[in-house]
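J.: The structure file data-v6.tsv (TSV, C-alpha atoms and all ligand atoms) is provided below.
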```tsv
chain	number	residue	atom	x	y	z
P	6	LEU	CA	0.00	0.00	0.00
P	7	ASP	CA	1.15	3.53	-0.78
P	8	PRO	CA	2.33	4.94	2.59
P	9	GLU	CA	0.97	8.33	1.49
P	10	LEU	CA	-2.57	6.97	1.23
P	11	ASP	CA	-4.97	8.70	3.64
P	12	LEU	CA	-6.71	5.56	4.88
P	13	PHE	CA	-9.40	7.49	6.77
P	14	ALA	CA	-10.40	9.39	3.61
P	15	GLU	CA	-10.19	6.29	1.41
P	16	ILE	CA	-12.35	4.25	3.78
P	17	GLU	CA	-14.95	7.02	3.89
P	18	LYS	CA	-14.96	7.04	0.08
P	19	LEU	CA	-15.40	3.27	-0.07
P	20	LYS	CA	-18.27	3.47	2.42
P	21	ARG	CA	-20.16	5.72	-0.01
P	22	GLU	CA	-19.20	3.83	-3.18
P	23	LYS	CA	-20.12	0.42	-1.79
P	24	ASN	CA	-22.96	1.49	0.52
P	25	ALA	CA	-21.01	-0.11	3.34
P	26	VAL	CA	-21.39	0.15	7.09
P	27	ILE	CA	-18.52	-0.50	9.51
P	28	LEU	CA	-19.52	-2.27	12.71
P	29	ALA	CA	-16.73	-2.42	15.29
P	30	HIS	CA	-16.36	-4.11	18.64
P	31	TYR	CA	-14.96	-2.11	21.57
P	32	TYR	CA	-11.82	-4.26	21.54
P	33	GLN	CA	-10.73	-2.93	18.15
P	34	GLU	CA	-7.79	-0.55	17.94
P	35	ALA	CA	-8.65	3.14	18.38
P	36	ASP	CA	-8.32	4.08	14.67
P	37	ILE	CA	-10.85	1.44	13.68
P	38	GLN	CA	-13.26	2.59	16.39
P	39	ASP	CA	-12.88	6.15	15.11
P	40	ILE	CA	-13.83	5.24	11.54
P	41	ALA	CA	-16.69	2.90	12.54
P	42	ASP	CA	-20.37	3.76	12.04
P	43	TYR	CA	-21.35	1.77	15.08
P	44	ILE	CA	-19.28	0.54	18.04
P	45	GLY	CA	-20.81	-1.86	20.49
P	46	ASP	CA	-20.88	-5.03	22.54
P	47	SER	CA	-21.86	-8.38	21.05
P	48	LEU	CA	-25.58	-7.82	21.55
P	49	GLY	CA	-25.56	-4.30	20.09
P	50	LEU	CA	-23.52	-5.46	17.12
P	51	ALA	CA	-25.89	-8.35	16.38
P	52	GLN	CA	-28.91	-6.02	16.59
P	53	GLU	CA	-27.22	-3.51	14.31
P	54	ALA	CA	-26.24	-6.20	11.78
P	55	GLN	CA	-29.81	-7.46	11.72
P	56	LYS	CA	-31.36	-4.10	10.93
P	57	THR	CA	-28.84	-2.45	8.60
P	58	ASN	CA	-29.84	-1.42	5.08
P	59	ALA	CA	-26.24	-1.23	3.85
P	60	ASP	CA	-25.18	-3.58	1.04
P	61	MET	CA	-21.88	-4.42	2.69
P	62	ILE	CA	-21.28	-5.05	6.39
P	63	VAL	CA	-17.62	-4.53	7.32
P	64	PHE	CA	-17.28	-6.44	10.56
P	65	ALA	CA	-14.33	-5.16	12.56
P	66	GLY	CA	-14.32	-7.85	15.21
P	67	VAL	CA	-13.67	-11.58	15.30
P	68	HIS	CA	-14.98	-14.38	13.10
P	69	PHE	CA	-17.95	-15.51	15.23
P	70	MET	CA	-19.26	-11.94	15.25
P	71	ALA	CA	-19.08	-11.56	11.47
P	72	GLU	CA	-20.63	-15.02	11.12
P	73	THR	CA	-23.51	-13.96	13.39
P	74	ALA	CA	-24.06	-10.90	11.17
P	75	LYS	CA	-24.26	-13.16	8.09
P	76	ILE	CA	-26.63	-15.54	9.86
P	77	LEU	CA	-28.96	-12.65	10.65
P	78	ASN	CA	-28.69	-10.77	7.38
P	79	PRO	CA	-27.70	-13.26	4.66
P	80	SER	CA	-28.42	-11.05	1.64
P	81	LYS	CA	-25.62	-8.68	2.68
P	82	LYS	CA	-21.98	-9.12	1.87
P	83	VAL	CA	-20.20	-9.48	5.21
P	84	VAL	CA	-16.46	-8.81	5.03
P	85	ILE	CA	-13.95	-9.19	7.85
P	86	PRO	CA	-10.55	-7.43	7.80
P	87	ASP	CA	-8.66	-10.57	8.85
P	88	PHE	CA	-10.19	-13.99	8.36
P	89	LYS	CA	-7.83	-15.45	10.96
P	90	ALA	CA	-9.31	-13.30	13.73
P	91	GLY	CA	-10.68	-16.17	15.78
P	92	CYS	CA	-11.50	-16.52	19.49
P	93	SER	CA	-9.95	-18.80	22.11
P	94	LEU	CA	-13.32	-19.18	23.79
P	95	SER	CA	-15.08	-20.21	20.60
P	96	ASP	CA	-12.21	-22.61	19.79
P	97	SER	CA	-12.56	-24.26	23.21
P	98	CYS	CA	-15.88	-25.78	22.14
P	99	PRO	CA	-15.68	-27.94	19.01
P	100	PRO	CA	-19.17	-28.94	17.75
P	101	ALA	CA	-18.43	-32.69	17.47
P	102	LEU	CA	-17.31	-32.91	21.11
P	103	PHE	CA	-20.14	-30.71	22.28
P	104	GLN	CA	-22.69	-32.83	20.42
P	105	LYS	CA	-21.51	-35.89	22.43
P	106	PHE	CA	-21.69	-33.93	25.69
P	107	LYS	CA	-25.20	-32.80	24.84
P	108	GLU	CA	-26.27	-36.37	24.09
P	109	GLN	CA	-25.12	-37.40	27.57
P	110	HIS	CA	-27.58	-34.90	29.05
P	111	PRO	CA	-30.77	-35.27	27.00
P	112	ASP	CA	-32.98	-33.64	29.66
P	113	HIS	CA	-31.01	-30.34	29.55
P	114	VAL	CA	-31.66	-27.28	27.40
P	115	VAL	CA	-28.59	-25.66	25.88
P	116	VAL	CA	-27.85	-21.99	26.53
P	117	SER	CA	-24.78	-20.81	24.62
P	118	TYR	CA	-22.78	-17.64	24.88
P	119	ILE	CA	-22.61	-15.89	21.50
P	120	ASN	CA	-18.79	-16.41	21.50
P	121	CYS	CA	-19.10	-19.75	19.70
P	122	SER	CA	-19.19	-21.11	16.16
P	123	ALA	CA	-22.32	-21.51	14.03
P	124	GLY	CA	-21.96	-25.26	14.65
P	125	ILE	CA	-22.43	-24.74	18.40
P	126	LYS	CA	-25.23	-22.23	17.86
P	127	ALA	CA	-27.04	-24.83	15.75
P	128	LEU	CA	-26.88	-27.23	18.74
P	129	SER	CA	-28.27	-24.59	21.14
P	130	ASP	CA	-31.78	-23.67	22.28
P	131	VAL	CA	-30.96	-20.04	22.94
P	132	ILE	CA	-27.97	-17.74	22.60
P	133	VAL	CA	-26.98	-15.16	25.19
P	134	THR	CA	-24.44	-12.36	25.46
P	135	SER	CA	-22.88	-11.02	28.63
P	136	SER	CA	-25.51	-8.28	28.74
P	137	ASN	CA	-28.59	-10.50	28.62
P	138	ALA	CA	-27.39	-13.87	29.98
P	139	ARG	CA	-29.00	-13.32	33.35
P	140	ILE	CA	-32.51	-12.48	32.13
P	141	ILE	CA	-32.46	-15.22	29.53
P	142	VAL	CA	-31.39	-17.88	32.02
P	143	GLU	CA	-34.04	-16.58	34.42
P	144	SER	CA	-36.68	-16.93	31.71
P	145	PHE	CA	-36.45	-20.72	32.20
P	146	PRO	CA	-38.32	-22.30	35.12
P	147	LYS	CA	-36.08	-22.85	38.18
P	148	GLU	CA	-36.24	-26.63	37.84
P	149	GLN	CA	-35.19	-26.61	34.17
P	150	LYS	CA	-31.83	-28.37	33.72
P	151	ILE	CA	-29.45	-26.25	31.65
P	152	ILE	CA	-26.12	-26.76	29.90
P	153	PHE	CA	-24.20	-23.50	29.59
P	154	ALA	CA	-21.45	-23.28	26.96
P	155	PRO	CA	-18.71	-22.42	26.25
P	156	ASP	CA	-17.56	-19.95	28.94
P	157	LYS	CA	-17.24	-21.52	32.39
P	158	ASN	CA	-16.51	-18.15	34.01
P	159	LEU	CA	-19.60	-16.39	32.69
P	160	GLY	CA	-21.57	-19.55	33.44
P	161	ALA	CA	-20.32	-19.66	37.05
P	162	TYR	CA	-21.14	-15.98	37.47
P	163	ILE	CA	-24.68	-16.49	36.14
P	164	ASN	CA	-25.10	-19.53	38.40
P	165	LYS	CA	-24.09	-17.35	41.34
P	166	VAL	CA	-26.42	-14.43	40.62
P	167	THR	CA	-29.42	-16.55	39.65
P	168	GLY	CA	-28.96	-19.36	42.20
P	169	ARG	CA	-29.05	-21.89	39.34
P	170	ASN	CA	-26.85	-24.91	38.94
P	171	MET	CA	-26.18	-24.96	35.21
P	172	LEU	CA	-23.83	-27.59	33.87
P	173	LEU	CA	-20.82	-25.71	32.52
P	174	TRP	CA	-18.70	-26.45	29.47
P	175	ASN	CA	-15.03	-26.04	30.36
P	176	GLY	CA	-14.11	-23.11	28.09
P	177	ALA	CA	-12.58	-19.72	28.82
P	178	CYS	CA	-11.31	-16.54	27.20
P	179	MET	CA	-7.51	-16.29	27.17
P	180	VAL	CA	-7.61	-12.53	27.77
P	181	HIS	CA	-9.85	-12.52	30.83
P	182	GLU	CA	-7.96	-15.26	32.64
P	183	ILE	CA	-4.55	-13.57	32.76
P	184	PHE	CA	-5.18	-10.92	35.40
P	185	SER	CA	-3.11	-10.99	38.57
P	186	LEU	CA	-5.09	-10.69	41.80
P	187	GLU	CA	-1.91	-9.82	43.65
P	188	LYS	CA	-1.03	-6.95	41.31
P	189	ILE	CA	-4.63	-5.71	41.32
P	190	THR	CA	-4.62	-5.71	45.12
P	191	LYS	CA	-1.38	-3.68	45.11
P	192	LEU	CA	-2.88	-1.25	42.60
P	193	LYS	CA	-5.94	-0.82	44.79
P	194	HIS	CA	-3.68	0.15	47.69
P	195	GLN	CA	-1.88	2.69	45.49
P	196	HIS	CA	-5.22	4.05	44.22
P	197	PRO	CA	-7.57	3.69	47.19
P	198	ASN	CA	-10.39	5.55	45.45
P	199	ALA	CA	-10.22	3.55	42.24
P	200	LYS	CA	-13.11	1.20	41.51
P	201	LEU	CA	-12.43	-2.22	40.05
P	202	ILE	CA	-14.72	-2.94	37.11
P	203	ALA	CA	-14.69	-6.33	35.40
P	204	HIS	CA	-16.14	-8.30	32.52
P	205	PRO	CA	-17.95	-11.51	33.59
P	206	GLU	CA	-15.53	-13.58	31.48
P	207	CYS	CA	-13.03	-13.01	34.34
P	208	GLU	CA	-12.49	-15.70	36.96
P	209	GLU	CA	-14.56	-15.83	40.13
P	210	PRO	CA	-11.92	-14.56	42.64
P	211	LEU	CA	-11.48	-11.39	40.58
P	212	LEU	CA	-15.23	-10.92	40.13
P	213	ARG	CA	-15.63	-11.21	43.90
P	214	MET	CA	-13.37	-8.16	44.30
P	215	ALA	CA	-15.12	-6.11	41.60
P	216	ASP	CA	-17.25	-3.03	42.30
P	217	TYR	CA	-19.12	-3.47	39.03
P	218	ILE	CA	-19.46	-6.40	36.59
P	219	GLY	CA	-20.85	-6.02	33.09
P	220	SER	CA	-20.53	-6.39	29.33
P	221	THR	CA	-18.31	-3.91	27.50
P	222	THR	CA	-21.31	-1.62	26.94
P	223	GLY	CA	-22.25	-2.03	30.60
P	224	LEU	CA	-18.73	-1.16	31.77
P	225	LEU	CA	-18.59	1.93	29.55
P	226	LYS	CA	-22.02	3.10	30.72
P	227	PHE	CA	-21.03	2.58	34.35
P	228	THR	CA	-17.91	4.75	34.00
P	229	LYS	CA	-20.00	7.52	32.41
P	230	GLU	CA	-22.63	7.55	35.13
P	231	ASP	CA	-20.61	6.70	38.23
P	232	THR	CA	-19.08	9.39	40.43
P	233	ALA	CA	-15.60	7.88	40.95
P	234	THR	CA	-12.70	9.39	39.03
P	235	GLU	CA	-10.39	6.38	38.84
P	236	TYR	CA	-11.06	2.85	37.58
P	237	ILE	CA	-9.06	-0.35	37.30
P	238	VAL	CA	-10.47	-1.99	34.19
P	239	ALA	CA	-10.40	-5.81	34.04
P	240	THR	CA	-11.15	-6.51	30.41
P	241	GLU	CA	-9.48	-6.08	27.03
P	242	THR	CA	-7.74	-2.71	26.71
P	243	GLY	CA	-9.60	-1.57	23.56
P	244	ILE	CA	-12.53	-0.39	25.67
P	245	LEU	CA	-10.35	2.26	27.32
P	246	HIS	CA	-10.50	4.37	24.16
P	247	GLN	CA	-14.24	5.03	24.49
P	248	MET	CA	-14.00	5.37	28.29
P	249	GLU	CA	-11.33	8.05	27.95
P	250	LYS	CA	-13.26	9.82	25.19
P	251	ALA	CA	-16.49	9.85	27.21
P	252	SER	CA	-14.87	10.88	30.52
P	253	PRO	CA	-11.62	12.74	29.73
P	254	HIS	CA	-11.26	13.94	33.33
P	255	LYS	CA	-11.23	10.36	34.69
P	256	LYS	CA	-8.30	7.97	34.93
P	257	PHE	CA	-8.55	4.42	33.55
P	258	ILE	CA	-5.92	1.85	34.54
P	259	PRO	CA	-5.83	-1.49	32.71
P	260	ALA	CA	-5.86	-4.36	35.22
P	261	PRO	CA	-2.34	-5.86	35.20
P	262	PRO	CA	-1.74	-9.35	33.83
P	263	ASP	CA	-0.01	-12.10	35.82
P	264	ASN	CA	3.07	-12.36	33.67
P	265	SER	CA	4.83	-9.16	32.71
P	266	CYS	CA	5.42	-10.60	29.20
P	267	ALA	CA	1.67	-11.01	28.70
P	268	CYS	CA	-0.78	-8.23	27.95
P	269	ASN	CA	-4.52	-7.89	28.03
P	270	ASP	CA	-4.88	-7.17	24.34
P	271	CYS	CA	-6.87	-9.85	22.54
P	272	PRO	CA	-4.48	-11.20	19.86
P	273	HIS	CA	-7.46	-12.09	17.68
P	274	MET	CA	-9.23	-8.74	17.89
P	275	LYS	CA	-5.94	-6.96	17.33
P	276	ARG	CA	-5.24	-8.78	14.06
P	277	ASN	CA	-7.49	-6.20	12.42
P	278	THR	CA	-5.81	-2.98	11.29
P	279	LEU	CA	-7.01	0.10	9.46
P	280	GLU	CA	-5.11	-1.07	6.40
P	281	LYS	CA	-6.92	-4.42	6.45
P	282	VAL	CA	-10.27	-2.62	6.86
P	283	TYR	CA	-9.47	-0.64	3.72
P	284	LEU	CA	-8.38	-3.72	1.76
P	285	CYS	CA	-11.38	-5.87	2.67
P	286	MET	CA	-13.73	-3.07	1.61
P	287	LYS	CA	-11.88	-2.42	-1.62
P	288	TYR	CA	-11.76	-6.07	-2.72
P	289	GLY	CA	-14.94	-7.29	-1.00
P	290	MET	CA	-13.01	-10.10	0.65
P	291	PRO	CA	-12.47	-12.08	2.76
P	292	ASP	CA	-16.19	-12.48	3.17
P	293	ILE	CA	-18.37	-14.88	5.14
P	294	ILE	CA	-19.99	-17.66	3.14
P	295	MET	CA	-22.26	-20.12	4.92
P	296	ASP	CA	-24.01	-23.35	4.29
P	297	GLU	CA	-27.73	-22.46	4.22
P	298	GLN	CA	-28.86	-25.37	6.38
P	299	LEU	CA	-26.31	-24.52	9.07
P	300	ARG	CA	-27.24	-20.84	8.86
P	301	LEU	CA	-30.94	-21.57	9.43
P	302	ALA	CA	-30.21	-23.92	12.34
P	303	ALA	CA	-27.88	-21.35	13.95
P	304	LYS	CA	-30.37	-18.51	13.40
P	305	LYS	CA	-33.16	-20.04	15.48
P	306	PRO	CA	-31.50	-19.64	18.91
P	307	ILE	CA	-30.16	-16.17	17.98
P	308	ASP	CA	-33.66	-15.05	16.97
P	309	ARG	CA	-34.93	-16.32	20.29
P	310	MET	CA	-32.32	-14.22	22.10
P	311	LEU	CA	-33.13	-11.12	20.07
P	312	GLU	CA	-36.84	-11.52	20.75
P	313	ILE	CA	-36.22	-11.73	24.52
P	314	SER	CA	-33.81	-8.74	24.38
P	315	ALA	CA	-35.95	-6.50	22.14
K	401	LIG	P1	-19.16	-8.07	25.05
K	401	LIG	O1	-18.65	-6.90	24.27
K	401	LIG	O2	-20.48	-8.54	24.53
K	401	LIG	O3	-19.17	-7.77	26.49
K	401	LIG	O4	-18.15	-9.30	24.78
K	401	LIG	C1	-16.83	-9.28	25.16
K	401	LIG	C2	-15.98	-10.18	24.38
K	401	LIG	O5	-15.12	-10.86	24.88
K	401	LIG	C3	-16.15	-10.23	22.97
K	401	LIG	O6	-15.25	-11.10	22.42
K	402	LIG	FE1	-12.49	-14.34	22.26
K	402	LIG	FE2	-11.58	-13.38	24.54
K	402	LIG	FE3	-10.73	-12.33	22.29
K	402	LIG	FE4	-13.27	-11.92	23.10
K	402	LIG	S1	-11.43	-11.20	24.10
K	402	LIG	S2	-12.57	-12.47	21.05
K	402	LIG	S3	-13.70	-13.87	24.11
K	402	LIG	S4	-10.38	-14.42	22.96
```
Give the structure from this file in C-alpha cells form.

T.:
Amino acid sequence: LDPELDLFAEIEKLKREKNAVILAHYYQEADIQDIADYIGDSLGLAQEAQKTNADMIVFAGVHFMAETAKILNPSKKVVIPDFKAGCSLSDSCPPALFQKFKEQHPDHVVVSYINCSAGIKALSDVIVTSSNARIIVESFPKEQKIIFAPDKNLGAYINKVTGRNMLLWNGACMVHEIFSLEKITKLKHQHPNAKLIAHPECEEPLLRMADYIGSTTGLLKFTKEDTATEYIVATETGILHQMEKASPHKKFIPAPPDNSCACNDCPHMKRNTLEKVYLCMKYGMPDIIMDEQLRLAAKKPIDRMLEISA
C-alpha cells in the first residue's frame, strides 16, 4: 500500500461507493473505532447487523461476530478485515465434542454464549451475550436443567447471581484469565479511590473483588454515570478508548496481567488494522460464506435471544 494513502479518507470514500457500514467491537484498535459507524458489545452489534440497510457489512471484530451478522442478514456481503481473527473461547468448544456432551444430558436445554461457532449455535436452544445472559437464564423455570457453553466463568457468574446450577462447558477466554489478583490488590492500595470494574468472562476470585461487573457496553455506561474518578479496568484494553473519550477527566488503569510478558490485548481482535479494513472493503473479501442449512439452524437460537432482548 502507498504509505501516502490517507486511509481514513479512502475508507470514507469506499463506504459511499459500496454502501457499506462499519460495525466495530470495543476491543478494536482506536483508529478502527474512530472510523466505525457503530461501536458496540456483542448484543448491540448483532442487533445492528440485523437491521442495517447497507449492502456491505464490514465487521471489525472476530470471526464468530461476522458469522452472526451473516446468519442474521444473509443477503448482505459481510467482510472481515482478517479472516484469521478467531477466538480462544469459541475454539474451546468444538461442535463434534459438544454434540456428544449434549447427548449425555438429554434432559437439559442448551444456553450458549454468542462467542461460539455456528456449529455450536445450531446445537443450542438459545444464545446469550454477557448483557442478557442473566434475564435469559431466568426466563427458564427454576427446575429446568441447563447446559451453559462455552464460557465456564460467565456460566459460574450467572449460576451465582441466579442461584441456578447450570452444567458448565469447560471453556474460557484467554484474555480474561490472565489478570493478577496480587497486582490488582497492590494497585488498589496505590489508588484507594479507584473502583475495580470487570467483565464476567473473568475468573470468580477477581469478580468477587469487583465493584461493578458487566458487558463492554455495561462497563462503559457505568464509568459515564458513576461518580468515581479512577477505575481499574479488568477486560481487554480496547474499551479504554471510548471510556477516555467519554470521561476525559477520569483515569482508567488497565488491570495488570499475571506475567509481565503477557498483555490484556486480545491477539485475535488486534489482528485487524485500518489497512486491512481498507483492503477488505476495496476487494470485497475475505467475506463470510455459509451453508444455508447450518445458517438456518444457527439462526433459530439467535432469533430467540433477540426476541427476549428486544
Ligand atoms: P461483550 O462486548 O459482549 O461484552 O463481549 C466481550 C468479548 O469478549 C467479545 O469477544
Ligand atoms: Fe475471544 Fe476473549 Fe478475544 Fe473476546 S477477548 S474475542 S472472548 S479471545

J.: Got a sec: who's within 9 Å of Ala127 (chain P), counting all atoms listed in the file, leaving out chain neighbours fewer than 5 positions off, as a VMD selection string?

T.: chain P and resid 122 299 to 306

J.: Counting all atoms listed in the file, figure out which residue out of P:Gly91, P:Ala123, P:Gly176, P:Leu212 gets nearest to Glu297 (chain P).

T.: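 Smallest distance to Glu297 (chain P) is found for P:Ala123.
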
J.: Using all atoms listed in the file, find each protein or nucleic acid residue lying at most 10 Å from ligand LIG 401 (chain K); present the set as number ranges by chain.

T.: P: 30-32, 44-51, 66-70, 91-95, 118-121, 133-137, 178-181, 204-207, 219-224, 240-241, 244, 271, 273-274

J.: Work out how far atom FE1 of ligand LIG 402 (chain K) is from CA of Met214 (chain P), in Å to one decimal.

T.: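 Pair CA of Met214 (chain P) / atom FE1 of ligand LIG 402 (chain K) returns 22.9 Å.
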
J.: Box along x, y and z, 5 Å on every side, all listed atoms of ligand LIG 402 (chain K) inside: centre and edge lengths in Å to one decimal, as AutoDock Vina command-line options.

T.:
```
--center_x -12.0 --center_y -12.8 --center_z 22.8 --size_x 13.3 --size_y 13.2 --size_z 13.5
```

J.: So which one's closest to Lys256 (chain P), P:Gln298, P:Asn198, P:Asn58, P:Asn175? Using all atoms listed in the file, please.

T.: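 Using all atoms listed in the file, the shortest distance to Lys256 (chain P) belongs to P:Asn198.
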